[in-house]
>>> print(open('run-v2.cif').read())   # mmCIF, C-alpha atoms
data_model
loop_
_atom_site.label_atom_id
_atom_site.label_comp_id
_atom_site.auth_asym_id
_atom_site.auth_seq_id
_atom_site.Cartn_x
_atom_site.Cartn_y
_atom_site.Cartn_z
CA MET A 20 101.68 81.29 85.52
CA LEU A 21 103.55 82.39 88.63
CA ASN A 22 102.51 84.76 91.38
CA ILE A 23 105.51 87.08 91.70
CA GLY A 24 105.75 89.23 94.83
CA ILE A 25 107.78 92.42 94.65
CA ASP A 26 108.64 94.75 97.51
CA VAL A 27 108.60 98.47 96.66
CA ASP A 28 111.03 100.57 98.75
CA LEU A 29 114.69 99.78 97.94
CA THR A 30 113.60 97.02 95.56
CA LEU A 31 111.84 99.07 92.86
CA LEU A 32 113.23 102.48 93.78
CA ASP A 33 115.47 104.24 96.29
CA PRO A 34 113.50 106.63 98.51
CA ILE A 35 116.47 107.04 100.86
CA CYS A 36 119.53 108.21 98.90
CA CYS A 37 117.79 109.77 95.91
CA GLN A 38 117.56 113.54 95.47
CA GLY A 39 114.97 114.70 98.02
CA GLY A 40 114.92 111.28 99.70
CA TRP A 41 114.83 110.36 103.38
CA GLN A 42 118.54 111.07 103.94
CA ASP A 43 118.23 114.58 102.45
CA TRP A 44 115.07 115.19 104.49
CA LEU A 45 116.80 114.12 107.72
CA GLU A 46 119.90 116.21 106.99
CA GLU A 47 117.77 119.32 106.43
CA ARG A 48 116.60 118.91 110.04
CA SER A 49 119.86 117.70 111.58
CA SER A 50 123.35 118.89 112.43
CA TYR A 51 124.72 115.56 111.10
CA TYR A 52 125.84 114.86 107.54
CA TYR A 53 126.95 111.62 105.85
CA PRO A 54 128.03 110.95 102.25
CA LYS A 55 125.33 109.25 100.16
CA GLY A 56 125.73 105.48 100.17
CA SER A 57 127.81 105.41 103.36
CA LEU A 58 125.04 104.44 105.79
CA THR A 59 124.63 100.72 106.41
CA GLU A 60 121.73 100.44 108.89
CA TYR A 61 118.24 100.24 107.39
CA TYR A 62 116.83 102.56 110.01
CA ILE A 63 118.96 105.52 108.96
CA ALA A 64 117.20 107.80 111.45
CA SER A 65 119.51 106.31 114.10
CA TYR A 66 122.34 108.31 112.45
CA TYR A 67 120.39 111.54 113.09
CA PRO A 68 119.54 111.50 116.82
CA ASP A 69 118.68 115.20 116.85
CA VAL A 70 115.74 114.91 114.42
CA GLU A 71 112.34 114.98 116.08
CA ASP A 72 109.84 112.54 114.48
CA PRO A 73 112.18 111.14 111.81
CA LEU A 74 109.43 108.91 110.41
CA ALA A 75 107.29 111.90 109.38
CA PHE A 76 109.05 111.71 106.00
CA TRP A 77 107.13 108.51 105.22
CA SER A 78 103.73 110.14 105.78
CA GLN A 79 104.03 112.57 102.87
CA GLU A 80 101.19 112.06 100.40
CA ASN A 81 103.30 113.08 97.39
CA LEU A 82 106.40 111.15 98.42
CA TYR A 83 106.44 108.76 95.46
CA SER A 84 105.40 111.25 92.77
CA ARG A 85 108.96 112.59 92.55
CA LEU A 86 110.81 109.25 92.61
CA GLN A 87 112.15 107.20 89.72
CA PRO A 88 112.34 103.40 89.44
CA TYR A 89 115.65 101.57 89.34
CA ARG A 90 117.14 101.12 85.90
CA GLN A 91 115.55 98.25 83.95
CA ALA A 92 112.90 97.56 86.63
CA LYS A 93 110.11 98.80 84.36
CA GLU A 94 111.13 96.67 81.37
CA VAL A 95 111.67 93.52 83.43
CA ILE A 96 108.42 93.80 85.41
CA GLU A 97 106.34 94.59 82.34
CA GLY A 98 107.90 91.59 80.58
CA LEU A 99 107.08 89.35 83.54
CA ALA A 100 103.51 90.69 83.62
CA GLU A 101 102.94 89.33 80.11
CA LYS A 102 102.96 85.80 81.58
CA HIS A 103 102.62 86.16 85.36
CA ASN A 104 100.65 87.82 88.14
CA ILE A 105 102.51 90.69 89.78
CA PHE A 106 101.92 91.34 93.49
CA PHE A 107 103.42 94.58 94.77
CA ILE A 108 103.77 93.96 98.51
CA SER A 109 104.87 96.80 100.74
CA TYR A 110 104.48 98.25 104.18
CA CYS A 111 102.76 101.65 104.03
CA LYS A 112 102.85 104.43 106.60
CA LYS A 113 99.65 106.36 107.17
CA GLY A 114 99.28 109.00 104.49
CA HIS A 115 101.28 107.50 101.64
CA PHE A 116 99.34 104.36 100.66
CA GLY A 117 97.48 106.10 97.83
CA GLY A 118 100.59 107.84 96.55
CA LYS A 119 102.54 104.58 96.47
CA VAL A 120 99.80 102.71 94.59
CA ASP A 121 99.35 105.62 92.15
CA TRP A 122 103.11 105.70 91.48
CA ILE A 123 103.18 101.96 90.78
CA LYS A 124 100.20 102.17 88.41
CA LYS A 125 101.69 105.17 86.55
CA THR A 126 105.17 103.66 86.36
CA TYR A 127 104.37 100.05 85.40
CA SER A 128 102.03 98.92 82.63
CA VAL A 129 100.69 95.75 84.23
CA PRO A 130 97.37 94.36 82.93
CA LYS A 131 94.55 94.96 85.43
CA ASP A 132 93.89 91.24 85.84
CA ARG A 133 97.56 90.65 86.74
CA PHE A 134 98.09 93.71 88.98
CA HIS A 135 97.78 93.21 92.74
CA PHE A 136 98.84 95.34 95.71
CA ALA A 137 99.07 94.36 99.37
CA ALA A 138 99.97 96.86 102.09
CA THR A 139 101.40 94.73 104.89
CA LYS A 140 104.42 94.02 107.08
CA GLN A 141 103.36 90.35 107.03
CA LYS A 142 104.55 89.79 103.48
CA HIS A 143 104.97 86.05 104.03
CA MET A 144 101.17 85.76 104.38
CA CYS A 145 100.79 86.58 100.66
CA ALA A 146 100.46 83.53 98.41
CA VAL A 147 103.37 83.97 96.00
CA ASP A 148 105.68 81.58 94.17
CA VAL A 149 108.53 84.11 93.99
CA MET A 150 109.34 86.98 96.36
CA ILE A 151 111.77 89.79 95.52
CA ASP A 152 112.81 91.98 98.46
CA ASP A 153 115.83 93.94 99.68
CA ARG A 154 115.40 92.64 103.23
CA ALA A 155 116.48 89.13 104.15
CA ASP A 156 114.50 89.36 107.40
CA TYR A 157 111.29 89.47 105.33
CA LEU A 158 112.38 86.80 102.84
CA ILE A 159 113.41 84.30 105.50
CA LYS A 160 109.78 84.08 106.70
CA PHE A 161 108.59 82.62 103.38
CA GLY A 162 108.37 78.84 103.10
CA ASN A 163 110.81 76.65 101.20
CA ASN A 164 108.38 76.42 98.28
CA VAL A 165 108.89 80.14 97.53
CA MET A 166 111.83 81.31 95.43
CA LYS A 167 113.47 84.12 97.41
CA ILE A 168 115.39 86.78 95.49
CA LEU A 169 117.36 89.24 97.64
CA TYR A 170 117.85 92.60 95.92
CA LYS A 171 121.28 93.81 97.01
CA THR A 172 121.59 97.17 98.79
CA ASN A 173 124.28 98.88 100.90
CA TYR A 174 122.37 98.04 104.07
CA SER A 175 123.39 95.26 106.44
CA GLN A 176 121.27 92.13 106.74
CA ASP A 177 120.43 90.90 110.23
CA VAL A 178 119.67 87.29 109.30
CA PRO A 179 121.45 84.63 107.22
CA THR A 180 120.80 84.80 103.48
CA THR A 181 121.11 81.04 102.95
CA GLY A 182 118.66 79.78 100.32
CA MET A 183 118.22 83.22 98.77
CA LEU A 184 119.30 84.18 95.29
CA LEU A 185 121.24 87.45 95.23
CA ALA A 186 120.43 90.01 92.53
CA GLU A 187 122.52 93.13 91.95
CA ASP A 188 120.03 94.72 89.53
CA TRP A 189 116.78 94.11 87.64
CA ILE A 190 118.52 92.57 84.64
CA SER A 191 119.80 89.85 87.00
CA ILE A 192 116.29 89.31 88.35
CA GLY A 193 114.92 88.97 84.83
CA LYS A 194 117.58 86.38 83.99
CA ILE A 195 116.97 84.40 87.20
CA LEU A 196 113.24 84.17 86.49
CA GLU A 197 113.74 83.53 82.78
CA ASN A 198 116.13 80.66 83.46
CA ASP A 199 114.42 79.06 86.42
CA ARG A 200 110.68 78.72 86.90
CA ALA A 201 109.24 81.42 84.70
#
>>> encode(input="run-v2.cif", output="structure tokens")
Amino acid sequence: MLNIGIDVDLTLLDPICCQGGWQDWLEERSSYYYPKGSLTEYYIASYYPDVEDPLAFWSQENLYSRLQPYRQAKEVIEGLAEKHNIFFISYCKKGHFGGKVDWIKKTYSVPKDRFHFAATKQKHMCAVDVMIDDRADYLIKFGNNVMKILYKTNYSQDVPTTGMLLAEDWISIGKILENDRA
């Protein structure tokens, strides 16, 4: 049985480019506009310098209640949970911890004894055998004994991705884990 760590934002769902996501929220308050999918910096607020308190979006209690998971994420994670422990590991802004956990529990049928959640920026401190994240700068901090799966996004990576397996979607992640150590 493996301990599989899974990041939430931009790994399970897209809270940035989706309808009503962070980009829409910023553009409602800004004189700037960009086509969806065209921004490449993770901190997209830098594209909207005229928005006061751009991180307020992340403090909404109901933020996750209106979001949908990526295609196939539900099926793959629930399949993995039949044999493995699932650790949802995510940084939470004040105000949306409960909403994020509630969304995960409502979206994914993971047995209680295999469901774990850690709210932290220090993801590498979690004892996992596999870590799935969209950010190479988080994955690189895990030791060599951890399988690192980088979920591909439009955003630029600031560190080398050497030693990381690249996944374009959740079907790819399922196949990687099915064929390797799972």
>>> resolve_selection(input="run-v2.cif", expression="the PyMOL selection byres ((chain A and resi 29) around 12)", output="VMD selection string")
chain A and resid 25 to 28 30 to 37 40 to 41 61 86 to 89 92 109 151 to 154 169 to 174 187 to 189
>>> write_last_selection(input="run-v2.cif", atoms="C-alpha atoms", output="compact mmCIF listing (two decimals), keeping the file's coordinate frame")
# COMPACT_ATOMS: atom_id res chain seq x y z
CA ILE A 25 107.78 92.42 94.65
CA ASP A 26 108.64 94.75 97.51
CA VAL A 27 108.60 98.47 96.66
CA ASP A 28 111.03 100.57 98.75
CA THR A 30 113.60 97.02 95.56
CA LEU A 31 111.84 99.07 92.86
CA LEU A 32 113.23 102.48 93.78
CA ASP A 33 115.47 104.24 96.29
CA PRO A 34 113.50 106.63 98.51
CA ILE A 35 116.47 107.04 100.86
CA CYS A 36 119.53 108.21 98.90
CA CYS A 37 117.79 109.77 95.91
CA GLY A 40 114.92 111.28 99.70
CA TRP A 41 114.83 110.36 103.38
CA TYR A 61 118.24 100.24 107.39
CA LEU A 86 110.81 109.25 92.61
CA GLN A 87 112.15 107.20 89.72
CA PRO A 88 112.34 103.40 89.44
CA TYR A 89 115.65 101.57 89.34
CA ALA A 92 112.90 97.56 86.63
CA SER A 109 104.87 96.80 100.74
CA ILE A 151 111.77 89.79 95.52
CA ASP A 152 112.81 91.98 98.46
CA ASP A 153 115.83 93.94 99.68
CA ARG A 154 115.40 92.64 103.23
CA LEU A 169 117.36 89.24 97.64
CA TYR A 170 117.85 92.60 95.92
CA LYS A 171 121.28 93.81 97.01
CA THR A 172 121.59 97.17 98.79
CA ASN A 173 124.28 98.88 100.90
CA TYR A 174 122.37 98.04 104.07
CA GLU A 187 122.52 93.13 91.95
CA ASP A 188 120.03 94.72 89.53
CA TRP A 189 116.78 94.11 87.64
>>> closest_residue(input="run-v2.cif", among="A:Ala64, A:Leu184, A:Val149, A:Leu82", to="Met20 in chain A", atoms="all atoms listed in the file")
A:Val149
>>> resolve_selection(input="run-v2.cif", expression="the PyMOL selection byres ((chain A and resi 53) around 10)", output="PyMOL selection string")
chain A and resi 42-43+46+51-52+54-58+66-67
>>> write_last_selection(input="run-v2.cif", atoms="C-alpha atoms", output="tab-separated table (two decimals), keeping the file's coordinate frame")
chain	number	residue	atom	x	y	z
A	42	GLN	CA	118.54	111.07	103.94
A	43	ASP	CA	118.23	114.58	102.45
A	46	GLU	CA	119.90	116.21	106.99
A	51	TYR	CA	124.72	115.56	111.10
A	52	TYR	CA	125.84	114.86	107.54
A	54	PRO	CA	128.03	110.95	102.25
A	55	LYS	CA	125.33	109.25	100.16
A	56	GLY	CA	125.73	105.48	100.17
A	57	SER	CA	127.81	105.41	103.36
A	58	LEU	CA	125.04	104.44	105.79
A	66	TYR	CA	122.34	108.31	112.45
A	67	TYR	CA	120.39	111.54	113.09
>>> closest_residue(input="run-v2.cif", among="A:Ala75, A:Val95, A:Val70, A:Ile159", to="Lys113 in chain A", atoms="only C-alpha atoms")
A:Ala75
>>> atom_distance(input="run-v2.cif", atom1="CA of Pro179 in chain A", atom2="CA of Tyr157 in chain A")
11.4 Å
>>> residues_around(input="run-v2.cif", residues="Pro68 in chain A", least_positions_apart="6", cutoff="10 Å", atoms="all atoms listed in the file", output="PDB file with C-alpha atoms, in the coordinates of the input")
ATOM      1  CA  LEU A  45     116.800 114.120 107.720  1.00  0.00           C
ATOM      2  CA  SER A  49     119.860 117.700 111.580  1.00  0.00           C
ATOM      3  CA  SER A  50     123.350 118.890 112.430  1.00  0.00           C
ATOM      4  CA  TYR A  51     124.720 115.560 111.100  1.00  0.00           C
TER       5      TYR A  51
END
>>> resolve_selection(input="run-v2.cif", expression="the PyMOL selection byres ((chain A and resi 143) around 6)", output="PyMOL selection string")
chain A and resi 141-142+144-145+160-161
>>> residues_around(input="run-v2.cif", residues="range 101-107 of chain A", least_positions_apart="3", cutoff="6 Å", atoms="all atoms listed in the file", output="MDAnalysis selection string")
chainID A and resid 20:26 98 133:136
>>> atom_distance(input="run-v2.cif", atom1="CA of Ile190 in chain A", atom2="CA of Leu99 in chain A")
11.9 Å
>>> atom_distance(input="run-v2.cif", atom1="CA of Gln176 in chain A", atom2="CA of Gly162 in chain A")
18.9 Å
>>> residues_around(input="run-v2.cif", residues="Trp77 in chain A", least_positions_apart="2", cutoff="8 Å", atoms="only C-alpha atoms", output="VMD selection string")
chain A and resid 74 to 75 79 82 112 114 to 115
>>> residues_around(input="run-v2.cif", residues="Gly182 in chain A", least_positions_apart="5", cutoff="10 Å", atoms="all atoms listed in the file", output="number ranges by chain")
A: 158-159, 163, 166-169
